[in-house]
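Student: I'd like to ask you about the structure that follows.
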Amino acid sequence: MDNHLWLLAPLLALCIMSVSSKVFVSIDCGASGSFIDENSIEWKGDNDLISSGVAHAVQPNYSVSRVMNTLRVFTTRKKNCYSIKVEEGEKVLVRAGFNYGNYDNKSAPPNFDLLFDGNFWITVNASELKIFEIVYVVKKKDISVCVAQTNPREFPFISTLEVRSLDSQLYSKFGTNHALLLQSRFGYALNQTIRFPLDPYDRMWVPARTTNLVHLTSDASIINVKVPDNPPQAVLKNAVATQNTSQFINLGFNVVDDPFRYPAYINWYFSEVRELNSSELRSFRIFKDNLPFSLPIVPRFGEVVEYFISNLSLTTETNFSLNPLDDSTLPPLINAAELFSIRDALSNGTNNNDVEGLASLQNAFIVLQQWSGDPCLPAPYSWEWIKCSGDYIPRVTSINLNGFNLTGPLPDFSKMDALETIDLHNNSLSGPIPKFLGTLPNLKQLNLSDNQFTGSIPRWLSRNSKLNSTYTGNPVLCVNGKSCPGSGNNKTPIILGVTIPTVFILAIAVVLVVRHRRRKASVPSHSGGTSSLSGGMQGTNKGVVELNRNSEERFYRSPTPLLSEG
């Protein structure tokens with residue numbers, strides 16, 4: 001457990017980064033078009049951001065706000081995801097809102113899981129309006145937020161999705177490999193929620209419920225907020241205090257949305273509300289379970305003191321309070337507080353080679369683009385057409401795209417070298433079978449049946465004795481050394497079909513010429529008479545054309561049917 005008291009210092013102020021606004025995305029799920037709300041936040045519909053799901057509107061008596069009056073409901077697939085571009089290594093705040101609003105007139109709000117970047121976020125009980133927020137450092141160039149079905153006939157939905165960039169120094173006392181899930185963020189004397197533009201990071205500070213406490217307003221026109229987590233001035237303008245120094249403030253936290261097995265991260269903010277004279281002192285400590293827990297805290301006028309606790313185990317019996325010190329002339333006060341739970345270590349996602357290979361398939365086949373988010377993680381919610389290993393960084397071991405109506409050639413997904421099974425049968429895939437399939441070292445099952453592949457099977461596949469492969473139902477594919485119908489390998493039969501009749505005709509011609517010469521040599525010559533050759537052709541045998549008197553040979557033409565047979 002870590003706990004520290006932060007005071008404003010000039011050197012620290014010089015080191016604080018300016019407010020970042022790299023990503024400021026607000027999605028009105030289930031809506032079309034865009035609008036700017038009363039907080040100057042531009043909301044955009046999600047029609048262009050996701051291809052799955054159906055848009056609905058809540059019943060009129062469940063109307064809360066414009067962005068909470070619409071929702072997108074997902075009735076197909078295990079998980080459905082939104083993807084938003086960010087910078088790798090950027091710290092972000094992600095917020096998701098849910099308002100069932102009896103959109104289906106069934107009065108049956110569902111339960112389902114909320115996921116981010118292949119990690120479990122929380123189980124959503126949609127019996128009432130819920131908003132969940134998480135802070136973390138992204139590991140890739142985009143983030144995915146998914147809803148996943150956990151029970152039959154209970155369809156997940158989402159109403160709003162927001163992503164905000166945060167400066168790197170915010171919430172930096174817990175490491176970059178964990179996420180902070182917000183449990184509570186209070187302004188103790190607020191009468192309305194404070195968010196953007198009063199908080200440039202658009203954190204939502206809600207009024208705290210207090211009893212028997214005095215509400216105070218700061219006299220400071222400007223409050224210097226340059227402490228690590230940079231609370232907004234609007235929250236520090238108000239505070240609550242006890243009526244006298246004999247009383248303490250009970251700091252109750254309502255941790256209901258997350259199991260207590262997760263350690264806590266807490267920020268408290270204190271700012272004096274007026275200039276104190278030399279005889280006045282406001283000094284107190286944080287007590288935990290009735291025991292002193294912090295150093296003395298002395299709030300400063302026009303400045304802020306931040307006290308944080310990290311990696312603290314909580315139970316339902318844990319209690320915090322602000323107790324005045326003996327020398328304090330003024331009662332304890334508090335302006336604001338934040339409570340987070342520190343989640344398990346973030347996953348690194350599915351192996352990058354597999355992610356790239358699956359992206360190649362999705363780029364080639366539009367029907368596969370409906371799947372998004374991490375392919376394998378979290379484990380219960382991998383894509384329906386793949387199987388994954390149980391490694392910390394999972395590998396895709398199986399692709400099953402049977403009957404997905406895929407058309408065209410196969411793209412290169414050779415980086416997926418952990419594949420053991422590829423089932424692509426019953427599609428309309430065409431072109432040659434890619435040679436890279438024969439180089440996949442772990443491939444054991446390959447089913448390419450009932451497609452339109454052409455050419456011959458690559459040697460690497462046909463000679464792999466460890467591979468169980470099937471190619472039937474490809475009518476123009478050369479299989480087992482047989483001829484390749486409709487392919488370039490049919491040249492030999494065509495050549496033979498032309499050459500054999502030609503040789504046969506020439507042989508007959510040679511034989512006839514030889515016979516003619518022999519017959520001519522045995523018959524005496526005559527200068528006249530009816531049997532002598534005259535100038536033109538005389539009556540001849542069918543198929544024989546006799547030339548003029550000076551010719552020494554005849555030629556024979558094969559009848560037309562013979563040529564046609566060739």
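Labels for the structure tokens follow display order: chains A, B, ..., residues from 1 in each chain, ligands from 1.
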Could you go through region 285-398 of chain A and tell me which residues DSSP, when run on the backbone, assigns to strand (DSSP E or B), listing them as an NGL selection string?

Tutor: :A and (285-288 or 291-292 or 297 or 301 or 305-312 or 320-324 or 330 or 333-334 or 336-342 or 386-388 or 396-398)

Student: For C-alpha atoms, I'd like the residues from the last selection saved as a CSV table (one decimal), in the first residue's frame.

Tutor:
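As written to disk, out_19.csv reads:
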```csv
chain,number,residue,atom,x,y,z
A,285,ARG,CA,-5.8,13.4,9.9
A,286,ILE,CA,-7.4,10.6,7.9
A,287,PHE,CA,-8.4,7.7,10.1
A,288,LYS,CA,-8.9,4.1,8.9
A,291,LEU,CA,-6.9,4.4,13.8
A,292,PRO,CA,-4.6,7.3,12.5
A,297,ILE,CA,-3.4,17.6,6.6
A,301,PHE,CA,-6.3,28.9,0.7
A,305,VAL,CA,-3.8,19.4,-1.2
A,306,GLU,CA,-4.2,15.9,-2.7
A,307,TYR,CA,-3.8,12.8,-0.6
A,308,PHE,CA,-3.8,9.5,-2.3
A,309,ILE,CA,-3.8,5.8,-1.3
A,310,SER,CA,-2.8,3.1,-3.8
A,311,ASN,CA,-3.1,-0.7,-3.6
A,312,LEU,CA,-5.2,-0.8,-0.5
A,320,PHE,CA,-12.4,6.2,6.7
A,321,SER,CA,-13.0,9.4,8.6
A,322,LEU,CA,-11.4,12.9,9.0
A,323,ASN,CA,-10.6,13.6,12.6
A,324,PRO,CA,-9.5,17.0,13.9
A,330,LEU,CA,-11.4,24.8,12.9
A,333,LEU,CA,-13.3,19.9,5.7
A,334,ILE,CA,-13.2,18.1,2.3
A,336,ALA,CA,-13.8,16.1,-3.4
A,337,ALA,CA,-12.8,12.4,-3.6
A,338,GLU,CA,-12.3,9.7,-6.1
A,339,LEU,CA,-12.4,5.9,-5.5
A,340,PHE,CA,-11.1,3.4,-8.1
A,341,SER,CA,-10.5,-0.4,-8.0
A,342,ILE,CA,-7.2,-1.5,-9.5
A,386,ILE,CA,-11.7,-19.4,-34.9
A,387,LYS,CA,-10.2,-21.4,-31.9
A,388,CYS,CA,-7.4,-20.2,-29.8
A,396,VAL,CA,-5.1,-18.9,-33.3
A,397,THR,CA,-5.0,-22.7,-33.9
A,398,SER,CA,-8.1,-23.2,-36.0
```

Student: Counting only C-alpha atoms, which residues of region 366-454 of chain A sit at most 8 Å from some atom of region 137-149 of chain A, and what is each one's closest atom pair with its distance in Å to one decimal, listed by chain and rising residue number, as a Markdown table?

Tutor:
```
| residue | atom | partner | partner_atom | distance |
| --- | --- | --- | --- | --- |
| A:Ser372 | CA | A:Ser144 | CA | 7.9 |
| A:Gly373 | CA | A:Ser144 | CA | 5.3 |
| A:Asp374 | CA | A:Ser144 | CA | 7.6 |
| A:Tyr381 | CA | A:Ala148 | CA | 7.3 |
```

Student: Quick check, in Å to one decimal: how far apart do CA of Ile194 (chain A) and CA of Tyr269 (chain A) lie?

Tutor: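 Distance reported for this atom pair: 15.3 Å.
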
Student: So, with only C-alpha atoms as the atoms that count, which of A:Asp104, A:Glu280, A:Asp202, A:Asp344 lies closest to Thr176 (chain A)?

Tutor: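 Closest to Thr176 (chain A), using only C-alpha atoms: A:Asp344.
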
Student: Do a neighbour search on Leu114 (chain A) at 10 Å with only C-alpha atoms, toss out local chain neighbours closer than 2 positions, and write the hits as a list of chain:residue names.

Tutor: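 These residues fall inside the cut-off: A:Lys79, A:Cys81, A:Ala96, A:Asn111, A:Phe112, A:Phe116, A:Asn119, A:Phe120, A:Trp121, A:Ile122, A:Thr123, A:Val124, A:Phe132, A:Val145, A:Cys146, A:Val147, A:Ala148, A:Gln149, A:Pro156, A:Phe157, A:Ile158.
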
Student: Select, from A:Thr76, A:Thr454, A:Thr211, A:Thr193, the residue with the minimum atom-to-atom distance to Asn474 (chain A), counting only C-alpha atoms.

Tutor: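 Using only C-alpha atoms, the shortest distance to Asn474 (chain A) belongs to A:Thr454.
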
Student: Have a look at A:Ile393, A:Ala126, A:Ile422, A:Leu251 and name the one nearest to Gln445 (chain A); count only C-alpha atoms.

Tutor: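 When distances to Gln445 (chain A) are compared using only C-alpha atoms, the smallest one comes from A:Ile422.
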
Student: From the set A:Gln452, A:Glu90, A:Lys444, A:Phe293, which residue has the shortest atom-to-atom contact distance to Ser469 (chain A), counting only C-alpha atoms?

Tutor: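 Of the candidates, the smallest distance to Ser469 (chain A) is held by A:Lys444.
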
Student: So the first atom is CA of Asn427 (chain A) and the second is CA of Asn402 (chain A); what is the distance between them in Å, to one decimal place?

Tutor: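 Between these atoms lies a distance of 7.0 Å.
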
Student: In Å, how far is it from CA of Arg343 (chain A) to CA of Thr318 (chain A)?

Tutor: 19.3 Å

Student: May I have the residues within 9 Å of region 353-365 of chain A as a list in words, using only C-alpha atoms and disregarding those fewer than 2 positions away in the same chain?

Tutor: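 The neighbour list is Thr350, Asn351, Val367, Leu368, Gln369, Gln370, Trp371, Asp374, Pro375, Arg395, Val396, Leu406, Thr407, Gly408, Pro409, Leu410, Pro411, Asp412, Phe413, Ser414, Lys415, Met416, Asp417 and Ala418 of chain A.
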
Student: Name the closest residue to Val92 (chain A) among the candidates A:Arg77, A:Arg72, A:His425, A:Lys22; distances are taken between atoms, counting only C-alpha atoms.

Tutor: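 Looking at the shortest contact to Val92 (chain A), the residue is A:Lys22.
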
Student: If we count only C-alpha atoms and set the cut-off at 9 Å, which residues sit around Ile50 (chain A), ignoring sequence neighbours fewer than 2 positions away in its own chain? Please answer as a VMD selection string.

Tutor: chain A and resid 46 to 48 52 to 53 80 to 83 370

Student: DSSP says alpha helix (DSSP H) for which residues of region 299-375 of chain A? Put them as a PyMOL selection string?

Tutor: chain A and resi 352-364

Student: Write to file, as a tab-separated table (two decimals), in the first residue's frame, the residues of the selection just made, with N, CA and C atoms.

Tutor:
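This went into selection.tsv:
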```tsv
chain	number	residue	atom	x	y	z
A	352	ASN	N	0.31	-10.91	-32.42
A	352	ASN	CA	0.24	-9.94	-33.51
A	352	ASN	C	0.23	-10.60	-34.89
A	353	ASN	N	1.00	-11.69	-35.05
A	353	ASN	CA	1.00	-12.38	-36.34
A	353	ASN	C	-0.39	-12.89	-36.70
A	354	ASP	N	-1.09	-13.40	-35.70
A	354	ASP	CA	-2.44	-13.91	-35.95
A	354	ASP	C	-3.41	-12.76	-36.22
A	355	VAL	N	-3.23	-11.66	-35.51
A	355	VAL	CA	-4.10	-10.51	-35.74
A	355	VAL	C	-3.92	-10.00	-37.17
A	356	GLU	N	-2.68	-9.96	-37.65
A	356	GLU	CA	-2.42	-9.51	-39.02
A	356	GLU	C	-2.99	-10.49	-40.04
A	357	GLY	N	-2.84	-11.79	-39.77
A	357	GLY	CA	-3.38	-12.79	-40.69
A	357	GLY	C	-4.89	-12.72	-40.78
A	358	LEU	N	-5.56	-12.56	-39.64
A	358	LEU	CA	-7.02	-12.44	-39.65
A	358	LEU	C	-7.46	-11.15	-40.33
A	359	ALA	N	-6.67	-10.09	-40.18
A	359	ALA	CA	-7.00	-8.84	-40.87
A	359	ALA	C	-6.91	-9.02	-42.39
A	360	SER	N	-5.96	-9.84	-42.85
A	360	SER	CA	-5.87	-10.12	-44.29
A	360	SER	C	-7.13	-10.81	-44.78
A	361	LEU	N	-7.62	-11.75	-44.01
A	361	LEU	CA	-8.86	-12.45	-44.38
A	361	LEU	C	-10.04	-11.48	-44.38
A	362	GLN	N	-10.10	-10.60	-43.40
A	362	GLN	CA	-11.21	-9.65	-43.33
A	362	GLN	C	-11.15	-8.63	-44.47
A	363	ASN	N	-9.95	-8.24	-44.85
A	363	ASN	CA	-9.83	-7.31	-45.97
A	363	ASN	C	-10.26	-7.96	-47.28
A	364	ALA	N	-10.04	-9.26	-47.40
A	364	ALA	CA	-10.39	-9.96	-48.64
A	364	ALA	C	-11.87	-10.31	-48.71
```

Student: Determine the nearest neighbour of Leu429 (chain A) from the options A:Leu401, A:Val240, A:Leu467, A:Leu461, counting only C-alpha atoms.

Tutor: A:Leu401
